[in-house]
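Undergrad: Encoded as structure tokens, here's the structure I'll be asking about.
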Amino acid sequence: MPLNRRKFLEKSAVTGAGVALAGAVGAPGAQAAEAKRGTKRYAFTVLGTTDLHGNVFNWDYFTDKEFDDKDHNDVGLAKVSTLVNRIREEKGRRNTLLVDAGDTIQGTQLSYYYAKVDPITAEGGPVHPMAQAMNAMGYDAAALGNHEFNYGIPVLRKFEQQCRFPLLGANALDAKTLRPAFAPYSMHRLRTPCGRDVKVAVLGLTNPGIAIWDKANVQGKMTFPGLEEQAAKWVPKLRSMGADVVIVSAHSGSSGTSSYGDQLPYIENAAGLVAEQVPGIDAILVGHAHTEIPEYFVTNKETGKKVVLSEPLKWGQRLTLFDFELVWAKGRWTVEKVGARVLNSNTVEEDPKIVRLLADEHEKVVAYVNQVIGTNAAEMTSAQAPYKDVPIIDLINHIQADTVKQALAGTEHAALPVLSQAACFSRSARIPAGEVTIRDVAGLYVFENTLEARLMTGAQMKAYLEFSANYFVQTAPDAPVDPAKLTNANGTPDYNYDVVSGLSYEIDIAKPAGSRVTDVRFEGQPLADDARFVFAVNNYRANGGGNFPHVAAAPVLWSNSEEIRNTMIAWVKAKGAIDPAAFAAVDWKLTRNGTPVF
């Protein structure tokens, strides 16, 4: 029978700075130890996930069907659980650890439902589905991701209580005491059939960008110093505590770059820098960047030792395996060899145990997303959105502008006009005429972006539009136009072509990139370079995503941790009806020498 989702799950005791977890004696696998010419050896495997983003099942709640993409990836912990079970059977249960690198409780309508609709923080409330699944799978530790803070600290703390494993964040500090607000590390003992137990330390590091992205939730409460600084503080301590192996679970990419420019003195994607600068680390489980890195070695500058990094693909699409080989010498265990690889979750079926455990939660969320929240006067689709101004994109901009206007009411910037940006995130989005469901609206905005308001000038907006127009393939005035070949110039994805509401403009695709945007007007008049605007923009773009000019450095007037798609759902629910005639307008068009293309 599935676990009663409202049953209270007692949390393992957390004492001191870290968590001590001792493994019981277990039958070692064939590879666990060997006696060869008197040499004592031991092998174990650390399994890693990251950026699960609320995915338990191989299900897309926005399309109401099984998840699928062009590469036929699968998602969800139910799939990962099957892979984990296989590796544990092969290696021996006690010769494995299971670790996550963060961004766990946000990203799907399943996770939204248990944060906002039937919140885990309510008295006698439910146990979070991610806690239930990860507890059932026997996770040993998880690092905090930046999205853990999206729903506020109370939701995060409740989730922490419900987990039977520690949430780690050595660089998540209490703002007043500057002491760790979460356990910095966990220590695990692996019993061996020869010699001393192997002590494995897992150090958790999260992303400094939380201070920007979730400022409303953490300002004055927590502070987030750099990963390199805190790793340099904690790794020697872990070694002095007798750790034979030190693993870092870092919610931070490996590129050494930051999407937020120099707004913070700390690097966003610092996992590679940690490996390079901090001695004493054996492996780093990388998260945050949503990329797949099966195995990547970084040489530590001080010791010359190679540190292995691995990042499994997001949402449970991959599982990382760090395979360690240790040798007993001079009275201690030493890492002789370590490598990494990833397994693809689309090669297995979902674990029936996890499916049964959370069937009730899944069914409730499916019913929720199919709930009718309003009506629509005329069908809207995004099929032509990449090259025409269509009402369905206008709807996004209309809701964003409306939301920002309300947020700034009564402030010194309330009188400034509001512009808004949006992109075609899905060419198959459709809001039907008649009844509109939650998933109809949510399917229009498939990313987890949140909304911000930045202060921009007319000159900056012109540069922004010009950059966006790089998306189109240059097409001679007399050449035939094939919409299928007109867009995505130089590999630019659809989501990096922004249209802006509140201005009117033309894009001359006969001209070379950099000189295409013409006749930019505001309220019918040529746009003045010194005009000032509030710009409603998603956090990805505002923080430098896509490398659009000016916006990342523009002053922040307001920001919100609510996902834009959920803001849209709430807006439609409050209005009760959508009428494209109330907001749709052709503000931009493609031209060639002044002649409209369409």
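Lettering and numbering for the structure tokens are positional, with chains as A, B, ... in the shown order, residues counted from 1 in each chain, and ligands counted from 1 in the shown order.
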Wanna dump the stretch 359-413 of chain A-stretch 441-465 of chain A contacts at 10 Å for me, each residue with its shortest atom pair and the distance in Å to one decimal, counting only C-alpha atoms, ordered by chain and number, as CSV?

TA:
```
residue,atom,partner,partner_atom,distance
A:Val369,CA,A:Ala442,CA,8.7
A:Ile373,CA,A:Val441,CA,9.5
A:Thr381,CA,A:Leu444,CA,9.2
A:Ser382,CA,A:Leu444,CA,8.4
A:Ile392,CA,A:Leu444,CA,8.1
A:Ile393,CA,A:Leu444,CA,8.6
A:Leu395,CA,A:Leu444,CA,9.7
A:Ile396,CA,A:Leu444,CA,8.3
A:Gln400,CA,A:Leu451,CA,7.5
A:Ala401,CA,A:Ala453,CA,9.3
A:Thr403,CA,A:Leu451,CA,9.0
A:Val404,CA,A:Ala453,CA,6.7
A:Lys405,CA,A:Ala453,CA,9.5
A:Ala407,CA,A:Ala453,CA,9.4
A:Leu408,CA,A:Ala453,CA,9.0
A:His413,CA,A:Leu455,CA,9.1
```

Undergrad: Need to verify the contact set: A:Phe598, 9 Å, only C-alpha atoms, exclusion of same-chain residues closer than 3 positions in sequence. Can you return it as a list in words?

TA: Tyr387, Lys388, Lys589, Leu590, Thr591 and Thr595 of chain A

Undergrad: Give me the stretch 128-147 of chain A side of the contact with stretch 96-102 of chain A, cut-off 8 Å, one line per residue showing its nearest atom pair and distance in Å at one decimal, counting only C-alpha atoms, sorted by chain and residue number, as a tab-separated table.

TA:
```
residue	atom	partner	partner_atom	distance
A:Gly138	CA	A:Leu98	CA	7.2
A:Tyr139	CA	A:Leu98	CA	5.0
A:Asp140	CA	A:Leu98	CA	5.4
A:Ala141	CA	A:Val99	CA	5.1
A:Ala142	CA	A:Asp100	CA	4.4
A:Ala143	CA	A:Ala101	CA	4.8
A:Leu144	CA	A:Gly102	CA	4.8
A:Gly145	CA	A:Gly102	CA	4.0
A:Asn146	CA	A:Gly102	CA	7.6
```

Undergrad: Since we have the selection now, will you write its residues out, keeping N, CA, C and O atoms, as a compact mmCIF listing (two decimals), in the first residue's frame?

TA:
```
# COMPACT_ATOMS: atom_id res chain seq x y z
N GLY A 138 16.43 5.93 -0.43
CA GLY A 138 17.58 5.86 0.46
C GLY A 138 18.69 6.83 0.12
O GLY A 138 19.88 6.47 0.15
N TYR A 139 18.33 8.07 -0.19
CA TYR A 139 19.37 9.09 -0.40
C TYR A 139 20.17 9.27 0.88
O TYR A 139 19.63 9.19 1.99
N ASP A 140 21.45 9.52 0.72
CA ASP A 140 22.34 9.73 1.86
C ASP A 140 22.57 11.20 2.17
O ASP A 140 22.84 11.56 3.32
N ALA A 141 22.49 12.06 1.16
CA ALA A 141 22.69 13.50 1.36
C ALA A 141 22.26 14.23 0.10
O ALA A 141 22.26 13.66 -1.00
N ALA A 142 21.93 15.52 0.25
CA ALA A 142 21.60 16.36 -0.89
C ALA A 142 22.07 17.78 -0.63
O ALA A 142 21.87 18.31 0.47
N ALA A 143 22.71 18.37 -1.61
CA ALA A 143 23.09 19.78 -1.49
C ALA A 143 21.87 20.66 -1.77
O ALA A 143 20.92 20.25 -2.44
N LEU A 144 21.90 21.85 -1.24
CA LEU A 144 20.85 22.82 -1.51
C LEU A 144 21.06 23.44 -2.89
O LEU A 144 22.18 23.82 -3.24
N GLY A 145 19.99 23.57 -3.66
CA GLY A 145 20.04 24.31 -4.91
C GLY A 145 19.44 25.69 -4.72
O GLY A 145 18.78 25.96 -3.71
N ASN A 146 19.67 26.57 -5.67
CA ASN A 146 19.08 27.92 -5.54
C ASN A 146 17.56 27.88 -5.60
O ASN A 146 16.87 28.65 -4.92
```

Undergrad: Please return as a count of residues only: the residues of stretch 278-442 of chain A that backbone DSSP assigns to helix (DSSP H, G or I).

TA: 46

Undergrad: Residues within 8 Å of A:Glu466, please, as a list in words. Count only C-alpha atoms; anything in the same chain fewer than 3 positions from it doesn't count.

TA: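 In the requested format, the answer is Lys462, Ala463, Ala469, Asn470, Ala513, Gly514, Ser515, Arg516 and Val517 of chain A.
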
Undergrad: Name the closest residue to A:Tyr368 among the candidates A:Lys301, A:Arg191, A:His128, A:Arg439; distances are taken between atoms, counting only C-alpha atoms.

TA: A:Arg439

Undergrad: Give me every strand (DSSP E) residue in stretch 203-413 of chain A, going by DSSP on the backbone, as a PDB file with N, CA, C and O atoms, in the first residue's frame.

TA:
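Dumped to part.pdb:
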```pdb
ATOM      1  N   LEU A 203      30.652  17.133   1.252  1.00  0.00           N
ATOM      2  CA  LEU A 203      30.534  18.559   1.536  1.00  0.00           C
ATOM      3  C   LEU A 203      29.538  19.172   0.559  1.00  0.00           C
ATOM      4  O   LEU A 203      29.675  19.013  -0.660  1.00  0.00           O
ATOM      5  N   GLY A 204      28.544  19.861   1.072  1.00  0.00           N
ATOM      6  CA  GLY A 204      27.532  20.477   0.220  1.00  0.00           C
ATOM      7  C   GLY A 204      27.781  21.958   0.023  1.00  0.00           C
ATOM      8  O   GLY A 204      28.047  22.695   0.979  1.00  0.00           O
ATOM      9  N   LEU A 205      27.724  22.412  -1.228  1.00  0.00           N
ATOM     10  CA  LEU A 205      27.894  23.826  -1.558  1.00  0.00           C
ATOM     11  C   LEU A 205      26.757  24.264  -2.468  1.00  0.00           C
ATOM     12  O   LEU A 205      26.381  23.542  -3.394  1.00  0.00           O
ATOM     13  N   MET A 222      19.753  35.113   5.321  1.00  0.00           N
ATOM     14  CA  MET A 222      20.882  34.247   4.985  1.00  0.00           C
ATOM     15  C   MET A 222      21.808  34.963   4.013  1.00  0.00           C
ATOM     16  O   MET A 222      21.393  35.855   3.269  1.00  0.00           O
ATOM     17  N   THR A 223      23.051  34.562   4.043  1.00  0.00           N
ATOM     18  CA  THR A 223      24.037  35.085   3.110  1.00  0.00           C
ATOM     19  C   THR A 223      24.794  33.917   2.480  1.00  0.00           C
ATOM     20  O   THR A 223      24.881  32.836   3.086  1.00  0.00           O
ATOM     21  N   VAL A 245      37.970   9.881   2.110  1.00  0.00           N
ATOM     22  CA  VAL A 245      37.511  10.346   0.801  1.00  0.00           C
ATOM     23  C   VAL A 245      36.666  11.598   1.027  1.00  0.00           C
ATOM     24  O   VAL A 245      35.827  11.634   1.923  1.00  0.00           O
ATOM     25  N   VAL A 246      36.898  12.636   0.217  1.00  0.00           N
ATOM     26  CA  VAL A 246      36.089  13.853   0.288  1.00  0.00           C
ATOM     27  C   VAL A 246      35.412  14.080  -1.064  1.00  0.00           C
ATOM     28  O   VAL A 246      36.085  14.202  -2.096  1.00  0.00           O
ATOM     29  N   ILE A 247      34.105  14.104  -1.008  1.00  0.00           N
ATOM     30  CA  ILE A 247      33.290  14.355  -2.197  1.00  0.00           C
ATOM     31  C   ILE A 247      32.570  15.688  -1.984  1.00  0.00           C
ATOM     32  O   ILE A 247      32.054  15.958  -0.900  1.00  0.00           O
ATOM     33  N   VAL A 248      32.534  16.515  -3.010  1.00  0.00           N
ATOM     34  CA  VAL A 248      31.785  17.762  -2.958  1.00  0.00           C
ATOM     35  C   VAL A 248      30.549  17.631  -3.831  1.00  0.00           C
ATOM     36  O   VAL A 248      30.631  17.185  -4.977  1.00  0.00           O
ATOM     37  N   SER A 249      29.410  17.960  -3.266  1.00  0.00           N
ATOM     38  CA  SER A 249      28.168  18.053  -4.036  1.00  0.00           C
ATOM     39  C   SER A 249      27.882  19.535  -4.196  1.00  0.00           C
ATOM     40  O   SER A 249      27.536  20.222  -3.221  1.00  0.00           O
ATOM     41  N   ALA A 250      28.061  20.051  -5.402  1.00  0.00           N
ATOM     42  CA  ALA A 250      28.048  21.495  -5.627  1.00  0.00           C
ATOM     43  C   ALA A 250      26.946  21.891  -6.595  1.00  0.00           C
ATOM     44  O   ALA A 250      26.958  21.461  -7.758  1.00  0.00           O
ATOM     45  N   ALA A 283      36.348  14.073  -5.672  1.00  0.00           N
ATOM     46  CA  ALA A 283      35.361  14.102  -6.747  1.00  0.00           C
ATOM     47  C   ALA A 283      34.347  15.205  -6.473  1.00  0.00           C
ATOM     48  O   ALA A 283      34.086  15.541  -5.307  1.00  0.00           O
ATOM     49  N   ILE A 284      33.782  15.759  -7.534  1.00  0.00           N
ATOM     50  CA  ILE A 284      32.741  16.781  -7.395  1.00  0.00           C
ATOM     51  C   ILE A 284      31.539  16.409  -8.252  1.00  0.00           C
ATOM     52  O   ILE A 284      31.664  16.213  -9.464  1.00  0.00           O
ATOM     53  N   LEU A 285      30.393  16.285  -7.595  1.00  0.00           N
ATOM     54  CA  LEU A 285      29.119  16.130  -8.296  1.00  0.00           C
ATOM     55  C   LEU A 285      28.634  17.537  -8.629  1.00  0.00           C
ATOM     56  O   LEU A 285      28.388  18.348  -7.742  1.00  0.00           O
ATOM     57  N   VAL A 286      28.507  17.824  -9.913  1.00  0.00           N
ATOM     58  CA  VAL A 286      28.211  19.171 -10.393  1.00  0.00           C
ATOM     59  C   VAL A 286      26.726  19.300 -10.692  1.00  0.00           C
ATOM     60  O   VAL A 286      26.095  18.364 -11.213  1.00  0.00           O
ATOM     61  N   ILE A 293      27.826  16.141 -18.279  1.00  0.00           N
ATOM     62  CA  ILE A 293      29.274  15.953 -18.264  1.00  0.00           C
ATOM     63  C   ILE A 293      29.544  14.591 -17.638  1.00  0.00           C
ATOM     64  O   ILE A 293      29.581  14.463 -16.407  1.00  0.00           O
ATOM     65  N   PRO A 294      29.707  13.549 -18.429  1.00  0.00           N
ATOM     66  CA  PRO A 294      29.928  12.215 -17.856  1.00  0.00           C
ATOM     67  C   PRO A 294      31.185  12.142 -16.991  1.00  0.00           C
ATOM     68  O   PRO A 294      31.149  11.613 -15.885  1.00  0.00           O
ATOM     69  N   GLU A 295      32.286  12.690 -17.497  1.00  0.00           N
ATOM     70  CA  GLU A 295      33.554  12.632 -16.752  1.00  0.00           C
ATOM     71  C   GLU A 295      34.450  13.764 -17.231  1.00  0.00           C
ATOM     72  O   GLU A 295      34.628  13.971 -18.434  1.00  0.00           O
ATOM     73  N   TYR A 296      34.979  14.527 -16.265  1.00  0.00           N
ATOM     74  CA  TYR A 296      35.805  15.674 -16.595  1.00  0.00           C
ATOM     75  C   TYR A 296      36.835  15.832 -15.487  1.00  0.00           C
ATOM     76  O   TYR A 296      36.486  15.845 -14.305  1.00  0.00           O
ATOM     77  N   PHE A 297      38.120  15.923 -15.860  1.00  0.00           N
ATOM     78  CA  PHE A 297      39.174  16.026 -14.852  1.00  0.00           C
ATOM     79  C   PHE A 297      39.743  17.434 -14.796  1.00  0.00           C
ATOM     80  O   PHE A 297      39.986  18.069 -15.826  1.00  0.00           O
ATOM     81  N   VAL A 298      39.920  17.924 -13.576  1.00  0.00           N
ATOM     82  CA  VAL A 298      40.548  19.227 -13.332  1.00  0.00           C
ATOM     83  C   VAL A 298      41.770  18.988 -12.448  1.00  0.00           C
ATOM     84  O   VAL A 298      41.684  18.293 -11.435  1.00  0.00           O
ATOM     85  N   THR A 299      42.895  19.570 -12.824  1.00  0.00           N
ATOM     86  CA  THR A 299      44.125  19.400 -12.048  1.00  0.00           C
ATOM     87  C   THR A 299      44.210  20.453 -10.950  1.00  0.00           C
ATOM     88  O   THR A 299      44.077  21.651 -11.218  1.00  0.00           O
ATOM     89  N   LYS A 306      44.605  15.105 -10.040  1.00  0.00           N
ATOM     90  CA  LYS A 306      43.437  15.268 -10.895  1.00  0.00           C
ATOM     91  C   LYS A 306      42.157  14.969 -10.106  1.00  0.00           C
ATOM     92  O   LYS A 306      42.059  13.928  -9.447  1.00  0.00           O
ATOM     93  N   VAL A 307      41.226  15.891 -10.174  1.00  0.00           N
ATOM     94  CA  VAL A 307      39.940  15.751  -9.493  1.00  0.00           C
ATOM     95  C   VAL A 307      38.883  15.467 -10.545  1.00  0.00           C
ATOM     96  O   VAL A 307      38.811  16.165 -11.559  1.00  0.00           O
ATOM     97  N   VAL A 308      38.070  14.449 -10.313  1.00  0.00           N
ATOM     98  CA  VAL A 308      37.060  14.083 -11.299  1.00  0.00           C
ATOM     99  C   VAL A 308      35.748  14.820 -11.007  1.00  0.00           C
ATOM    100  O   VAL A 308      35.303  14.902  -9.862  1.00  0.00           O
ATOM    101  N   LEU A 309      35.154  15.376 -12.062  1.00  0.00           N
ATOM    102  CA  LEU A 309      33.865  16.039 -11.980  1.00  0.00           C
ATOM    103  C   LEU A 309      32.876  15.317 -12.886  1.00  0.00           C
ATOM    104  O   LEU A 309      33.258  14.785 -13.939  1.00  0.00           O
ATOM    105  N   SER A 310      31.615  15.310 -12.495  1.00  0.00           N
ATOM    106  CA  SER A 310      30.566  14.739 -13.335  1.00  0.00           C
ATOM    107  C   SER A 310      29.259  15.459 -13.071  1.00  0.00           C
ATOM    108  O   SER A 310      28.943  15.762 -11.915  1.00  0.00           O
ATOM    109  N   GLU A 311      28.542  15.753 -14.139  1.00  0.00           N
ATOM    110  CA  GLU A 311      27.211  16.352 -14.009  1.00  0.00           C
ATOM    111  C   GLU A 311      26.200  15.530 -14.803  1.00  0.00           C
ATOM    112  O   GLU A 311      26.260  15.491 -16.032  1.00  0.00           O
ATOM    113  N   ARG A 318      19.674  11.437 -16.332  1.00  0.00           N
ATOM    114  CA  ARG A 318      20.902  10.648 -16.190  1.00  0.00           C
ATOM    115  C   ARG A 318      21.199  10.429 -14.710  1.00  0.00           C
ATOM    116  O   ARG A 318      20.763  11.188 -13.850  1.00  0.00           O
ATOM    117  N   LEU A 319      22.004   9.411 -14.460  1.00  0.00           N
ATOM    118  CA  LEU A 319      22.519   9.106 -13.125  1.00  0.00           C
ATOM    119  C   LEU A 319      24.031   9.005 -13.225  1.00  0.00           C
ATOM    120  O   LEU A 319      24.550   8.230 -14.032  1.00  0.00           O
ATOM    121  N   THR A 320      24.730   9.802 -12.427  1.00  0.00           N
ATOM    122  CA  THR A 320      26.199   9.725 -12.405  1.00  0.00           C
ATOM    123  C   THR A 320      26.652   8.591 -11.496  1.00  0.00           C
ATOM    124  O   THR A 320      26.063   8.352 -10.441  1.00  0.00           O
ATOM    125  N   LEU A 321      27.714   7.923 -11.905  1.00  0.00           N
ATOM    126  CA  LEU A 321      28.377   6.922 -11.072  1.00  0.00           C
ATOM    127  C   LEU A 321      29.844   7.308 -10.913  1.00  0.00           C
ATOM    128  O   LEU A 321      30.569   7.418 -11.905  1.00  0.00           O
ATOM    129  N   PHE A 322      30.267   7.565  -9.681  1.00  0.00           N
ATOM    130  CA  PHE A 322      31.680   7.721  -9.362  1.00  0.00           C
ATOM    131  C   PHE A 322      32.160   6.379  -8.807  1.00  0.00           C
ATOM    132  O   PHE A 322      31.696   5.941  -7.748  1.00  0.00           O
ATOM    133  N   ASP A 323      33.069   5.733  -9.497  1.00  0.00           N
ATOM    134  CA  ASP A 323      33.608   4.449  -9.049  1.00  0.00           C
ATOM    135  C   ASP A 323      34.980   4.669  -8.407  1.00  0.00           C
ATOM    136  O   ASP A 323      35.928   5.107  -9.067  1.00  0.00           O
ATOM    137  N   PHE A 324      35.061   4.370  -7.111  1.00  0.00           N
ATOM    138  CA  PHE A 324      36.290   4.568  -6.341  1.00  0.00           C
ATOM    139  C   PHE A 324      36.991   3.243  -6.101  1.00  0.00           C
ATOM    140  O   PHE A 324      36.338   2.249  -5.769  1.00  0.00           O
ATOM    141  N   GLU A 325      38.298   3.253  -6.227  1.00  0.00           N
ATOM    142  CA  GLU A 325      39.127   2.110  -5.851  1.00  0.00           C
ATOM    143  C   GLU A 325      40.152   2.599  -4.822  1.00  0.00           C
ATOM    144  O   GLU A 325      40.914   3.526  -5.096  1.00  0.00           O
ATOM    145  N   LEU A 326      40.115   1.976  -3.647  1.00  0.00           N
ATOM    146  CA  LEU A 326      40.990   2.376  -2.540  1.00  0.00           C
ATOM    147  C   LEU A 326      41.990   1.274  -2.213  1.00  0.00           C
ATOM    148  O   LEU A 326      41.712   0.085  -2.438  1.00  0.00           O
ATOM    149  N   VAL A 327      43.112   1.674  -1.694  1.00  0.00           N
ATOM    150  CA  VAL A 327      44.120   0.722  -1.254  1.00  0.00           C
ATOM    151  C   VAL A 327      44.546   1.076   0.172  1.00  0.00           C
ATOM    152  O   VAL A 327      44.620   2.243   0.536  1.00  0.00           O
ATOM    153  N   TRP A 328      44.788   0.023   0.968  1.00  0.00           N
ATOM    154  CA  TRP A 328      45.226   0.220   2.360  1.00  0.00           C
ATOM    155  C   TRP A 328      46.748   0.237   2.387  1.00  0.00           C
ATOM    156  O   TRP A 328      47.406  -0.717   1.995  1.00  0.00           O
ATOM    157  N   ALA A 329      47.308   1.372   2.811  1.00  0.00           N
ATOM    158  CA  ALA A 329      48.768   1.491   2.875  1.00  0.00           C
ATOM    159  C   ALA A 329      49.150   2.462   3.970  1.00  0.00           C
ATOM    160  O   ALA A 329      48.495   3.493   4.155  1.00  0.00           O
ATOM    161  N   ARG A 332      46.350   3.605   6.451  1.00  0.00           N
ATOM    162  CA  ARG A 332      45.200   4.413   6.045  1.00  0.00           C
ATOM    163  C   ARG A 332      44.723   3.999   4.652  1.00  0.00           C
ATOM    164  O   ARG A 332      45.447   3.380   3.879  1.00  0.00           O
ATOM    165  N   TRP A 333      43.475   4.352   4.382  1.00  0.00           N
ATOM    166  CA  TRP A 333      42.923   4.132   3.049  1.00  0.00           C
ATOM    167  C   TRP A 333      43.284   5.314   2.147  1.00  0.00           C
ATOM    168  O   TRP A 333      43.174   6.467   2.543  1.00  0.00           O
ATOM    169  N   THR A 334      43.710   4.997   0.936  1.00  0.00           N
ATOM    170  CA  THR A 334      44.060   6.022  -0.049  1.00  0.00           C
ATOM    171  C   THR A 334      43.328   5.748  -1.353  1.00  0.00           C
ATOM    172  O   THR A 334      43.218   4.584  -1.766  1.00  0.00           O
ATOM    173  N   VAL A 335      42.844   6.790  -1.981  1.00  0.00           N
ATOM    174  CA  VAL A 335      42.179   6.629  -3.279  1.00  0.00           C
ATOM    175  C   VAL A 335      43.230   6.333  -4.333  1.00  0.00           C
ATOM    176  O   VAL A 335      44.122   7.140  -4.600  1.00  0.00           O
ATOM    177  N   GLU A 336      43.147   5.147  -4.896  1.00  0.00           N
ATOM    178  CA  GLU A 336      44.092   4.739  -5.933  1.00  0.00           C
ATOM    179  C   GLU A 336      43.597   5.136  -7.320  1.00  0.00           C
ATOM    180  O   GLU A 336      44.368   5.536  -8.193  1.00  0.00           O
ATOM    181  N   LYS A 337      42.275   5.074  -7.493  1.00  0.00           N
ATOM    182  CA  LYS A 337      41.705   5.387  -8.806  1.00  0.00           C
ATOM    183  C   LYS A 337      40.248   5.791  -8.626  1.00  0.00           C
ATOM    184  O   LYS A 337      39.537   5.247  -7.779  1.00  0.00           O
ATOM    185  N   VAL A 338      39.811   6.787  -9.398  1.00  0.00           N
ATOM    186  CA  VAL A 338      38.407   7.157  -9.404  1.00  0.00           C
ATOM    187  C   VAL A 338      38.031   7.628 -10.807  1.00  0.00           C
ATOM    188  O   VAL A 338      38.787   8.353 -11.448  1.00  0.00           O
ATOM    189  N   GLY A 339      36.900   7.168 -11.272  1.00  0.00           N
ATOM    190  CA  GLY A 339      36.393   7.585 -12.573  1.00  0.00           C
ATOM    191  C   GLY A 339      34.905   7.838 -12.474  1.00  0.00           C
ATOM    192  O   GLY A 339      34.265   7.529 -11.457  1.00  0.00           O
ATOM    193  N   ALA A 340      34.354   8.402 -13.514  1.00  0.00           N
ATOM    194  CA  ALA A 340      32.927   8.712 -13.512  1.00  0.00           C
ATOM    195  C   ALA A 340      32.302   8.346 -14.848  1.00  0.00           C
ATOM    196  O   ALA A 340      32.970   8.288 -15.883  1.00  0.00           O
ATOM    197  N   ARG A 341      31.005   8.087 -14.815  1.00  0.00           N
ATOM    198  CA  ARG A 341      30.230   7.794 -16.016  1.00  0.00           C
ATOM    199  C   ARG A 341      28.774   8.109 -15.710  1.00  0.00           C
ATOM    200  O   ARG A 341      28.412   8.364 -14.566  1.00  0.00           O
ATOM    201  N   VAL A 342      27.956   8.134 -16.747  1.00  0.00           N
ATOM    202  CA  VAL A 342      26.533   8.379 -16.530  1.00  0.00           C
ATOM    203  C   VAL A 342      25.717   7.261 -17.162  1.00  0.00           C
ATOM    204  O   VAL A 342      26.116   6.665 -18.169  1.00  0.00           O
ATOM    205  N   LEU A 343      24.572   6.989 -16.554  1.00  0.00           N
ATOM    206  CA  LEU A 343      23.604   6.038 -17.088  1.00  0.00           C
ATOM    207  C   LEU A 343      22.366   6.807 -17.534  1.00  0.00           C
ATOM    208  O   LEU A 343      21.979   7.808 -16.926  1.00  0.00           O
ATOM    209  N   ASN A 344      21.727   6.331 -18.591  1.00  0.00           N
ATOM    210  CA  ASN A 344      20.557   6.983 -19.175  1.00  0.00           C
ATOM    211  C   ASN A 344      19.283   6.352 -18.617  1.00  0.00           C
ATOM    212  O   ASN A 344      19.094   5.134 -18.711  1.00  0.00           O
ATOM    213  N   VAL A 372     -10.539  23.591 -15.074  1.00  0.00           N
ATOM    214  CA  VAL A 372     -10.926  24.737 -15.898  1.00  0.00           C
ATOM    215  C   VAL A 372     -10.830  26.006 -15.048  1.00  0.00           C
ATOM    216  O   VAL A 372     -11.392  26.077 -13.944  1.00  0.00           O
ATOM    217  N   ILE A 373     -10.114  27.005 -15.558  1.00  0.00           N
ATOM    218  CA  ILE A 373      -9.919  28.239 -14.794  1.00  0.00           C
ATOM    219  C   ILE A 373     -10.503  29.461 -15.491  1.00  0.00           C
ATOM    220  O   ILE A 373     -10.458  30.569 -14.948  1.00  0.00           O
ATOM    221  N   GLY A 374     -11.036  29.280 -16.679  1.00  0.00           N
ATOM    222  CA  GLY A 374     -11.598  30.426 -17.381  1.00  0.00           C
ATOM    223  C   GLY A 374     -12.038  30.060 -18.777  1.00  0.00           C
ATOM    224  O   GLY A 374     -12.079  28.875 -19.142  1.00  0.00           O
ATOM    225  N   THR A 375     -12.375  31.071 -19.546  1.00  0.00           N
ATOM    226  CA  THR A 375     -12.786  30.869 -20.939  1.00  0.00           C
ATOM    227  C   THR A 375     -11.944  31.751 -21.843  1.00  0.00           C
ATOM    228  O   THR A 375     -11.326  32.725 -21.396  1.00  0.00           O
ATOM    229  N   ASN A 376     -11.943  31.405 -23.115  1.00  0.00           N
ATOM    230  CA  ASN A 376     -11.180  32.152 -24.113  1.00  0.00           C
ATOM    231  C   ASN A 376     -12.082  32.445 -25.310  1.00  0.00           C
ATOM    232  O   ASN A 376     -12.740  31.544 -25.830  1.00  0.00           O
ATOM    233  N   MET A 380      -5.947  30.691 -29.771  1.00  0.00           N
ATOM    234  CA  MET A 380      -4.631  31.284 -29.988  1.00  0.00           C
ATOM    235  C   MET A 380      -3.592  30.175 -30.082  1.00  0.00           C
ATOM    236  O   MET A 380      -3.611  29.249 -29.272  1.00  0.00           O
ATOM    237  N   THR A 381      -2.692  30.265 -31.039  1.00  0.00           N
ATOM    238  CA  THR A 381      -1.615  29.285 -31.164  1.00  0.00           C
ATOM    239  C   THR A 381      -0.290  30.017 -31.381  1.00  0.00           C
ATOM    240  O   THR A 381      -0.258  31.196 -31.756  1.00  0.00           O
TER     241      THR A 381
END
```

Undergrad: Of the candidates A:Asn135, A:Pro279, A:Arg179, A:Tyr497, which shows the shortest atom-to-atom distance to A:Pro166, using only C-alpha atoms?

TA: A:Asn135

Undergrad: Excluding same-chain residues fewer than 6 positions from A:Arg427, what lies within 9 Å of it counting only C-alpha atoms, as a list in words?

TA: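 Contacts, in chain order: Thr381, Ser382, Ala383, Gln384, Ala385, Pro386 and Asp494 of chain A.
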
Undergrad: Neighbouring residues of A:Cys163 were defined as those with any atom within 6 Å, considering only C-alpha atoms; residues of the same chain fewer than 2 positions away were excluded. Please report them as a list in words.

TA: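 The contact residues come out as Lys11, Ala131, Glu160, Gln161 and Phe165 of chain A.
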
Undergrad: Rounded to one decimal in Å, what is the spacing between atom CA of A:Pro236 and atom CA of A:Ser255?

TA: 24.7 Å

Undergrad: In terms of the shortest atom-to-atom distance over only C-alpha atoms, which of A:Leu227, A:Leu416, A:Ala554, A:Val390 is closest to A:Ala531?

TA: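 Closest to A:Ala531, using only C-alpha atoms: A:Leu416.
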
Undergrad: Can you tell me which residues surround A:Val597 at a distance of at most 12 Å, considering only C-alpha atoms, apart from same-chain residues fewer than 3 positions away, and format the answer as a PyMOL selection string?

TA: chain A and resi 387-388+475-483+486+506-510+588-594
